[in-house]
$ cat query_37.cif   # mmCIF, C-alpha atoms
data_target
loop_
_atom_site.label_atom_id
_atom_site.label_comp_id
_atom_site.auth_asym_id
_atom_site.auth_seq_id
_atom_site.Cartn_x
_atom_site.Cartn_y
_atom_site.Cartn_z
CA MET A 25 0.00 0.00 0.00
CA ASP A 26 1.54 3.35 -0.99
CA ALA A 27 1.77 6.46 1.16
CA ALA A 28 -0.98 8.28 -0.72
CA SER A 29 -3.39 5.45 0.02
CA ILE A 30 -2.47 5.28 3.71
CA GLU A 31 -2.91 9.04 4.10
CA ALA A 32 -6.31 9.00 2.39
CA HIS A 33 -8.48 8.70 5.52
CA TYR A 34 -6.28 10.02 8.34
CA PRO A 35 -6.67 13.73 7.43
CA THR A 36 -10.47 13.35 7.32
CA VAL A 37 -10.50 11.76 10.76
CA MET A 38 -8.19 14.46 12.15
CA HIS A 39 -10.35 17.20 10.61
CA SER A 40 -13.41 15.83 12.43
CA LEU A 41 -11.44 15.39 15.64
CA ILE A 42 -10.18 19.00 15.53
CA GLY A 43 -13.69 20.31 14.97
CA ARG A 44 -15.00 18.43 17.99
CA LEU A 45 -12.11 19.52 20.22
CA SER A 46 -12.62 23.14 19.17
CA ALA A 47 -16.35 22.90 19.92
CA ALA A 48 -15.70 21.37 23.35
CA SER A 49 -13.14 24.06 24.18
CA SER A 50 -15.54 26.85 23.18
CA LEU A 51 -18.36 25.35 25.27
CA LEU A 52 -16.10 25.04 28.32
CA THR A 53 -15.16 28.70 27.96
CA GLN A 54 -18.86 29.65 27.86
CA ILE A 55 -19.47 27.63 31.04
CA ASP A 56 -16.51 29.24 32.79
CA GLU A 57 -17.70 32.73 31.89
CA ASN A 58 -21.16 32.13 33.35
CA LYS A 59 -21.28 29.13 35.68
CA GLU A 60 -24.85 29.94 36.75
CA HIS A 61 -26.35 30.00 33.24
CA ARG A 62 -29.57 28.01 33.17
CA GLU A 63 -28.60 26.17 29.95
CA ASN A 64 -25.18 24.99 31.13
CA TRP A 65 -26.61 21.47 31.46
CA LEU A 66 -26.93 21.39 27.67
CA ARG A 67 -23.37 22.62 27.23
CA LEU A 68 -22.11 19.99 29.68
CA ASP A 69 -23.81 17.21 27.74
CA SER A 70 -22.30 18.47 24.50
CA VAL A 71 -18.79 18.69 25.96
CA ALA A 72 -18.99 15.10 27.23
CA LEU A 73 -20.32 13.92 23.87
CA GLN A 74 -17.59 15.66 21.86
CA VAL A 75 -14.79 14.34 24.10
CA ARG A 76 -16.22 10.82 23.94
CA LYS A 77 -16.33 10.99 20.14
CA VAL A 78 -12.75 12.29 20.08
CA CYS A 79 -11.70 9.11 21.90
CA GLU A 80 -13.45 7.05 19.24
CA LEU A 81 -11.88 9.08 16.42
CA ILE A 82 -8.37 8.58 17.81
CA VAL A 83 -8.81 4.81 17.63
CA LEU A 84 -10.60 5.02 14.27
CA GLY A 85 -7.72 6.97 12.72
CA SER A 86 -5.21 4.40 13.92
CA THR A 87 -7.38 1.49 12.75
CA LEU A 88 -7.81 2.95 9.25
CA ALA A 89 -4.09 3.63 8.93
CA HIS A 90 -3.21 0.08 9.97
CA LEU A 91 -5.83 -1.40 7.63
CA GLN A 92 -4.47 0.58 4.71
CA GLU A 93 -0.93 -0.53 5.38
CA GLY A 94 -2.14 -4.10 4.92
CA THR A 95 -2.64 -5.22 8.51
CA GLU A 96 -5.36 -7.88 8.78
CA LEU A 97 -7.55 -6.20 11.39
CA ASP A 98 -11.23 -6.82 11.97
CA PRO A 99 -12.74 -3.47 10.86
CA LYS A 100 -16.12 -3.98 12.56
CA HIS A 101 -15.04 -2.84 16.04
CA TRP A 102 -15.91 0.74 17.00
CA HIS A 103 -15.65 0.73 20.81
CA PRO A 104 -12.12 1.92 21.76
CA LYS A 105 -11.45 -1.07 24.03
CA ASP A 106 -12.42 -3.65 21.38
CA ALA A 107 -10.71 -1.86 18.50
CA PHE A 108 -7.54 -1.42 20.54
CA LYS A 109 -7.35 -5.17 21.22
CA GLU A 110 -7.21 -5.69 17.46
CA LEU A 111 -4.50 -3.05 17.00
CA GLU A 112 -2.40 -4.38 19.87
CA LYS A 113 -1.98 -7.70 18.03
CA PHE A 114 0.15 -5.97 15.40
CA ASN A 115 1.63 -2.89 17.06
CA GLN A 116 3.02 -2.42 20.55
CA HIS A 117 2.25 1.32 20.36
CA PRO A 118 -0.84 1.68 18.12
CA LEU A 119 -2.11 5.07 19.36
CA PRO A 120 -0.69 8.56 18.61
CA MET A 121 2.58 9.61 20.25
CA PRO A 122 2.96 13.30 21.20
CA LEU A 123 5.92 14.99 19.51
CA GLN A 124 7.93 18.07 20.38
CA LEU A 125 6.48 21.04 18.51
CA TYR A 126 9.79 21.58 16.69
CA ILE A 127 11.48 19.32 14.14
CA SER A 128 15.19 18.62 14.41
CA VAL A 129 17.16 18.68 11.13
CA ASP A 130 20.70 17.25 10.89
CA GLU A 131 23.57 18.42 8.69
CA HIS A 132 22.34 16.24 5.83
CA GLY A 133 18.86 17.75 5.89
CA ALA A 134 17.23 14.65 7.37
CA LYS A 135 14.31 15.45 9.66
CA GLN A 136 14.09 13.98 13.13
CA PHE A 137 10.78 13.85 14.95
CA VAL A 138 11.43 14.03 18.68
CA PRO A 139 8.93 12.30 21.01
CA ALA A 140 7.54 14.44 23.82
CA MET A 141 6.26 11.45 25.80
CA LYS A 142 5.00 7.90 25.39
CA PRO A 143 2.06 7.15 23.08
CA ILE A 144 -1.46 7.52 24.46
CA PRO A 145 -2.20 4.43 26.60
CA LEU A 146 -5.48 2.59 26.20
CA LEU A 147 -6.12 2.92 29.94
CA ALA A 148 -6.20 6.71 29.65
CA LEU A 149 -8.47 6.69 26.63
CA ASN A 150 -10.88 4.19 28.18
CA ARG A 151 -11.07 6.13 31.43
CA VAL A 152 -11.96 9.36 29.65
CA TYR A 153 -14.45 7.50 27.46
CA GLY A 154 -16.14 5.93 30.46
CA GLN A 155 -16.28 9.07 32.57
CA CYS A 156 -17.93 10.97 29.72
CA ALA A 157 -20.68 8.33 29.77
CA ASN A 158 -21.40 9.21 33.40
CA ILE A 159 -22.60 12.61 32.20
CA LEU A 160 -24.41 11.43 29.07
CA HIS A 161 -26.45 8.62 30.63
CA VAL A 162 -29.18 8.92 33.27
CA PRO A 163 -28.00 7.24 36.50
CA SER A 164 -29.74 4.23 37.97
CA ALA A 165 -32.21 4.62 40.82
CA GLN A 166 -29.72 2.88 43.10
CA LYS A 167 -27.01 5.46 42.39
CA VAL A 168 -29.48 8.26 43.08
CA LEU A 169 -30.61 6.72 46.38
CA GLU A 170 -26.99 6.10 47.44
CA GLU A 171 -25.95 9.61 46.33
CA GLN A 172 -23.41 8.22 43.88
CA VAL A 173 -24.33 10.47 40.97
CA VAL A 174 -21.11 11.77 39.41
CA PRO A 175 -20.98 15.58 39.12
CA PHE A 176 -19.56 17.36 36.08
CA GLU A 177 -16.05 18.49 37.02
CA TRP A 178 -15.32 21.47 34.79
CA ALA A 179 -11.58 21.59 35.55
CA LYS A 180 -11.12 17.91 34.70
CA TYR A 181 -12.81 18.25 31.34
CA ARG A 182 -10.83 21.40 30.57
CA SER A 183 -7.62 19.53 31.36
CA TRP A 184 -8.61 16.64 29.08
CA VAL A 185 -9.52 18.91 26.18
CA ASP A 186 -6.34 20.98 26.54
CA ASP A 187 -4.17 17.83 26.62
CA LEU A 188 -5.97 16.36 23.59
CA VAL A 189 -5.45 19.63 21.71
CA ARG A 190 -1.73 19.53 22.52
CA VAL A 191 -1.29 15.97 21.25
CA THR A 192 -3.34 16.75 18.14
CA ARG A 193 -1.10 19.73 17.36
CA SER A 194 1.94 17.47 16.94
CA HIS A 195 1.92 13.69 17.02
CA ALA A 196 3.12 10.61 15.19
CA LEU A 197 1.34 7.35 14.48
CA LEU A 198 3.80 4.46 14.23
CA LEU A 199 3.37 1.95 11.40
CA PRO A 200 6.14 -0.59 12.10
CA SER A 201 5.18 -3.12 9.43
CA ILE A 202 6.10 -0.63 6.68
CA GLN A 203 8.87 1.10 8.68
CA SER A 204 7.03 4.41 8.56
CA LEU A 205 5.04 6.85 10.61
CA ILE A 206 2.26 9.31 9.92
CA VAL A 207 3.10 12.76 11.27
CA CYS A 208 0.29 15.21 12.08
CA ARG A 209 0.98 18.88 12.74
CA TRP A 210 -1.77 21.43 13.42
CA SER A 211 -1.58 25.13 14.25
CA GLY A 212 -4.12 24.82 17.04
CA VAL A 213 -6.41 27.31 15.29
CA CYS A 214 -10.00 26.19 14.70
CA GLY A 215 -10.80 26.05 11.00
CA GLU A 216 -7.22 25.42 9.90
CA ASP A 217 -6.56 21.96 8.48
CA PRO A 218 -3.79 19.77 9.90
CA GLU A 219 -0.71 18.95 7.87
CA ILE A 220 -0.40 15.19 7.43
CA THR A 221 2.81 13.67 6.07
CA MET A 222 4.30 10.21 5.77
CA ALA A 223 7.84 9.75 7.05
CA SER A 224 9.91 6.69 6.24
CA GLY A 225 13.21 5.53 7.63
CA ILE A 226 15.87 2.91 7.10
CA GLY A 227 15.88 -0.15 9.32
CA GLU A 228 13.44 -1.57 11.83
CA ALA A 229 10.75 0.83 13.07
CA VAL A 230 10.88 0.53 16.85
CA LEU A 231 10.27 2.94 19.71
CA ASP A 232 12.54 3.04 22.73
CA ALA A 233 10.06 4.49 25.21
CA GLU A 234 11.91 3.57 28.39
CA ASN A 235 13.15 7.09 29.09
CA LEU A 236 10.02 8.89 27.90
CA ALA A 237 7.48 10.34 30.31
CA ASP A 238 4.06 8.72 30.52
CA PHE A 239 1.27 10.45 28.66
CA ASP A 240 -0.43 12.36 31.48
CA LEU A 241 -3.89 12.86 29.97
CA LEU A 242 -5.54 11.60 33.13
CA SER A 243 -3.40 13.29 35.75
CA ALA A 244 -6.28 15.60 36.66
#

$ encode --input "query_37.cif" --output "structure tokens"
Amino acid sequence: MDAASIEAHYPTVMHSLIGRLSAASSLLTQIDENKEHRENWLRLDSVALQVRKVCELIVLGSTLAHLQEGTELDPKHWHPKDAFKELEKFNQHPLPMPLQLYISVDEHGAKQFVPAMKPIPLLALNRVYGQCANILHVPSAQKVLEEQVVPFEWAKYRSWVDDLVRVTRSHALLLPSIQSLIVCRWSGVCGEDPEITMASGIGEAVLDAENLADFDLLSA
């Protein structure tokens, strides 16, 4: 499968992801500016929905890229946990890896993409995905009676959205079977398309993540 084919779907997925992150960020700003607004409940639902769909889009982008490189995945899975199990069979690090915002260039003009931290772990993505569901779904009677209804924590959602924006601005998706990676760079400005490129190297495509910091999406 050539680079043009592999890149065919990833920009479309990233474009949708960026739109949803931008919408969530704008809604959170509206909530922060007027925390007593009577329609904040509607904004809260929309934020949770957009973040949840962003989680799905992250896994969808990786799945499409791996399918187009020739990996024999089952394309039916849409839930992040199930789709990730498929990806993990073929790639130790199948989700995006945050990069430094700059690109290092050596004396020969070769570009070096410097990791900022380890790739997004499934645990982080699943936790965000699940906690968004707590807002979107009506709680059971038992949870209401036991006062276990989860409140909407504005600061936590703001932290998640900001971290997801940062990784979207500069990340790499490793495709070890073809010794390549998809590099995504975005200005961070809503309405501006991301720049998607395919980078190839010589030799085995492996990631030495031992000295990299963990992706801290869920530190809040």

$ resolve_selection --input "query_37.cif" --expression "the PyMOL selection byres ((chain A and resi 83-98) around 10)" --output "PDB file with C-alpha atoms, keeping the file's coordinate frame"
ATOM      1  CA  MET A  25       0.000   0.000   0.000  1.00  0.00           C
ATOM      2  CA  ASP A  26       1.540   3.350  -0.990  1.00  0.00           C
ATOM      3  CA  ALA A  27       1.770   6.460   1.160  1.00  0.00           C
ATOM      4  CA  SER A  29      -3.390   5.450   0.020  1.00  0.00           C
ATOM      5  CA  ILE A  30      -2.470   5.280   3.710  1.00  0.00           C
ATOM      6  CA  GLU A  31      -2.910   9.040   4.100  1.00  0.00           C
ATOM      7  CA  ALA A  32      -6.310   9.000   2.390  1.00  0.00           C
ATOM      8  CA  HIS A  33      -8.480   8.700   5.520  1.00  0.00           C
ATOM      9  CA  TYR A  34      -6.280  10.020   8.340  1.00  0.00           C
ATOM     10  CA  PRO A  35      -6.670  13.730   7.430  1.00  0.00           C
ATOM     11  CA  THR A  36     -10.470  13.350   7.320  1.00  0.00           C
ATOM     12  CA  VAL A  37     -10.500  11.760  10.760  1.00  0.00           C
ATOM     13  CA  MET A  38      -8.190  14.460  12.150  1.00  0.00           C
ATOM     14  CA  LEU A  41     -11.440  15.390  15.640  1.00  0.00           C
ATOM     15  CA  VAL A  78     -12.750  12.290  20.080  1.00  0.00           C
ATOM     16  CA  CYS A  79     -11.700   9.110  21.900  1.00  0.00           C
ATOM     17  CA  GLU A  80     -13.450   7.050  19.240  1.00  0.00           C
ATOM     18  CA  LEU A  81     -11.880   9.080  16.420  1.00  0.00           C
ATOM     19  CA  ILE A  82      -8.370   8.580  17.810  1.00  0.00           C
ATOM     20  CA  PRO A  99     -12.740  -3.470  10.860  1.00  0.00           C
ATOM     21  CA  LYS A 100     -16.120  -3.980  12.560  1.00  0.00           C
ATOM     22  CA  HIS A 101     -15.040  -2.840  16.040  1.00  0.00           C
ATOM     23  CA  TRP A 102     -15.910   0.740  17.000  1.00  0.00           C
ATOM     24  CA  HIS A 103     -15.650   0.730  20.810  1.00  0.00           C
ATOM     25  CA  PRO A 104     -12.120   1.920  21.760  1.00  0.00           C
ATOM     26  CA  LYS A 105     -11.450  -1.070  24.030  1.00  0.00           C
ATOM     27  CA  ASP A 106     -12.420  -3.650  21.380  1.00  0.00           C
ATOM     28  CA  ALA A 107     -10.710  -1.860  18.500  1.00  0.00           C
ATOM     29  CA  PHE A 108      -7.540  -1.420  20.540  1.00  0.00           C
ATOM     30  CA  LYS A 109      -7.350  -5.170  21.220  1.00  0.00           C
ATOM     31  CA  GLU A 110      -7.210  -5.690  17.460  1.00  0.00           C
ATOM     32  CA  LEU A 111      -4.500  -3.050  17.000  1.00  0.00           C
ATOM     33  CA  LYS A 113      -1.980  -7.700  18.030  1.00  0.00           C
ATOM     34  CA  PHE A 114       0.150  -5.970  15.400  1.00  0.00           C
ATOM     35  CA  ASN A 115       1.630  -2.890  17.060  1.00  0.00           C
ATOM     36  CA  PRO A 118      -0.840   1.680  18.120  1.00  0.00           C
ATOM     37  CA  LEU A 119      -2.110   5.070  19.360  1.00  0.00           C
ATOM     38  CA  PRO A 120      -0.690   8.560  18.610  1.00  0.00           C
ATOM     39  CA  LEU A 146      -5.480   2.590  26.200  1.00  0.00           C
ATOM     40  CA  LEU A 149      -8.470   6.690  26.630  1.00  0.00           C
ATOM     41  CA  LEU A 197       1.340   7.350  14.480  1.00  0.00           C
ATOM     42  CA  LEU A 198       3.800   4.460  14.230  1.00  0.00           C
ATOM     43  CA  LEU A 199       3.370   1.950  11.400  1.00  0.00           C
ATOM     44  CA  PRO A 200       6.140  -0.590  12.100  1.00  0.00           C
ATOM     45  CA  SER A 201       5.180  -3.120   9.430  1.00  0.00           C
ATOM     46  CA  ILE A 202       6.100  -0.630   6.680  1.00  0.00           C
ATOM     47  CA  SER A 204       7.030   4.410   8.560  1.00  0.00           C
ATOM     48  CA  LEU A 205       5.040   6.850  10.610  1.00  0.00           C
ATOM     49  CA  ILE A 206       2.260   9.310   9.920  1.00  0.00           C
TER      50      ILE A 206
END

$ residues_around --input "query_37.cif" --residues "region 55-61 of chain A" --least-positions-apart "3" --cutoff "12 Å" --atoms "all atoms listed in the file" --output "ChimeraX atom specification"
/A:48-52,64-71,176-179,181-182

$ closest_residue --input "query_37.cif" --among "A:His161, A:Lys167, A:His117, A:Arg151" --to "Leu73 (chain A)" --atoms "all atoms listed in the file"
A:His161

$ atom_distance --input "query_37.cif" --atom1 "CA of Gly215 (chain A)" --atom2 "CA of Val189 (chain A)"
13.6 Å

$ closest_residue --input "query_37.cif" --among "A:Thr221, A:Gln166, A:Ser46, A:Gln116" --to "Ala233 (chain A)" --atoms "only C-alpha atoms"
A:Gln116

$ atom_distance --input "query_37.cif" --atom1 "CA of Leu45 (chain A)" --atom2 "CA of Phe137 (chain A)"
24.2 Å

$ resolve_selection --input "query_37.cif" --expression "the PyMOL selection byres ((chain A and resi 210) around 8)" --output "JSON, numbers by chain"
{"A": [192, 193, 194, 208, 209, 211, 212, 213, 216, 217, 218, 219]}

$ closest_residue --input "query_37.cif" --among "A:Val168, A:Ile144, A:Ala237, A:Met222" --to "Asp187 (chain A)" --atoms "only C-alpha atoms"
A:Ile144

$ atom_distance --input "query_37.cif" --atom1 "CA of Ala165 (chain A)" --atom2 "CA of Tyr153 (chain A)"
22.4 Å

$ closest_residue --input "query_37.cif" --among "A:Ser40, A:Leu188, A:Pro175, A:Gln203" --to "Met121 (chain A)" --atoms "only C-alpha atoms"
A:Leu188

$ closest_residue --input "query_37.cif" --among "A:Ala196, A:Arg44, A:Arg190, A:Trp184" --to "Pro143 (chain A)" --atoms "only C-alpha atoms"
A:Ala196

$ closest_residue --input "query_37.cif" --among "A:Cys214, A:Ala223, A:Ile159, A:Val191" --to "Arg76 (chain A)" --atoms "only C-alpha atoms"
A:Ile159

$ residues_near_point --input "query_37.cif" --point "(5.9, 14.4, 21.4)" --cutoff "8 Å" --atoms "all atoms listed in the file" --output "ChimeraX atom specification"
/A:121-125,138-142,191,194-196
